[in-house]
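Here's the structure, in structure tokens; my notes come after.
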Amino acid sequence: MNVVSADCQQGAAYIFGQVNMLSSLPAVALQIIDKLGDEYVDGNVIADVVAKDPAIAGRLIGLANSAFFGLTNPATEMRDVVNRVLGADSVRTLAFALATQQAFDTSRCAAFDTEAFWTHSLRAAAYCKRLAAVLPDISADARNSAFIFGLCHSLGLLVLAVLEPEKLNKVFETADAFDYPAINNDTQACFGVSLEVLTATLAHHWKMPDLIVEVYDSYASSDGEATSTTAEVLRTAVEATLLDAADDKSEPYAVESRKTLVHRTAAYFDLEDTVIEIALALNDAEALKVAQSAAAMSGV
């Protein structure tokens, strides 16, 4: 397993020391990570895993019974929530988010936009999953873990929201909405460490699966260049997510930048541009699911 490079740690000794004192990742979250990549997992298996954490199960049952879903007959247990209301895919994603939020209280960082954070993370997760699905040479483990690569790639931001809420609040206040690149640049200037490095450090602390830790180590040390197939999948997914945000703001460079991203990625993986172009385009149903899940995550 790689370690985060010493160069990246200069000027951030306090932050790194505090990361190792953060709460451990709840056991249910680690079990959910194992299930996130299984497209055909039995919904009852997910329900039983989540039910082991009464706090998370209780909040998901409350969400299922909220006006957001408008149930006539209330859900009373996790199997009911999975099979009748949310579905296995949504439950495991929401349960993981809740488990993460147990470890991170962002309430002291008033400018932190939880819905924007999860929208960014979920879009990256969706692109990672779609991209990994079309790569012929990627390992089965990497393909199954691709969703979690994207979902967790910006957890370093939550670390700062907990450890340095006042300073991060100032960063958010000067940013243009949830401008992830600008926020990352400002956090490096303010704290001496990138969000990628913080995410990798947290992955080590939480003892996440080796493959996930290795992806984040590679991504954090890449300095803009791909150092592994999985790191390139994550880098491409994040760039596609950022271009989506640019599209939403009608930035003129977004269309040409997406063409450049598609061509570069196709060349890297030795595939046709059209294959990558399709992989990096969420359909309406997928985009709606991201929006609904992000909204639910911000309210749970």
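Residue numbers start at 1 in each chain; chains themselves are named A, B, ... in the order of the structure tokens; ligands are numbered from 1 in the order shown.
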
Near-stretch 120-132 of chain A list (10 Å; only C-alpha atoms; drop same-chain fewer than 5 positions) as a PyMOL selection string
chain A and resi 37+93+114-115+137-140+142-155+178-180+229-230+232-242+244-245+265+275-282+286-287+289-291+293-294

- Message: I'd like the contact shell of A:Ile183 - 10 Å cut-off, only C-alpha atoms, skipping same-chain residues fewer than 3 positions apart - returned as an NGL selection string.
- Response: :A and (157 or 168 or 171-172 or 174-180 or 186-189 or 194-195)

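Using only C-alpha atoms, the smallest distance between any of A:Ser66, A:Arg59, A:Ala116, A:Gly87 and A:Tyr40 comes from A:Gly87.
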
Between A:Gly17, A:Pro26, A:Pro136, A:Gly192, smallest distance to A:Val50 by only C-alpha atoms belongs to A:Pro26

Computed gap from atom CA of A:Thr119 to atom CA of A:Leu94 is 12.5 Å

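Of note, atom CA of A:Leu198 and atom CA of A:Trp118 are spaced 17.4 Å apart.
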
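Nearest to A:Lys207 of all the residues A:Leu163, A:Leu25, A:Ala103, A:Val134 is A:Leu25, counting only C-alpha atoms.
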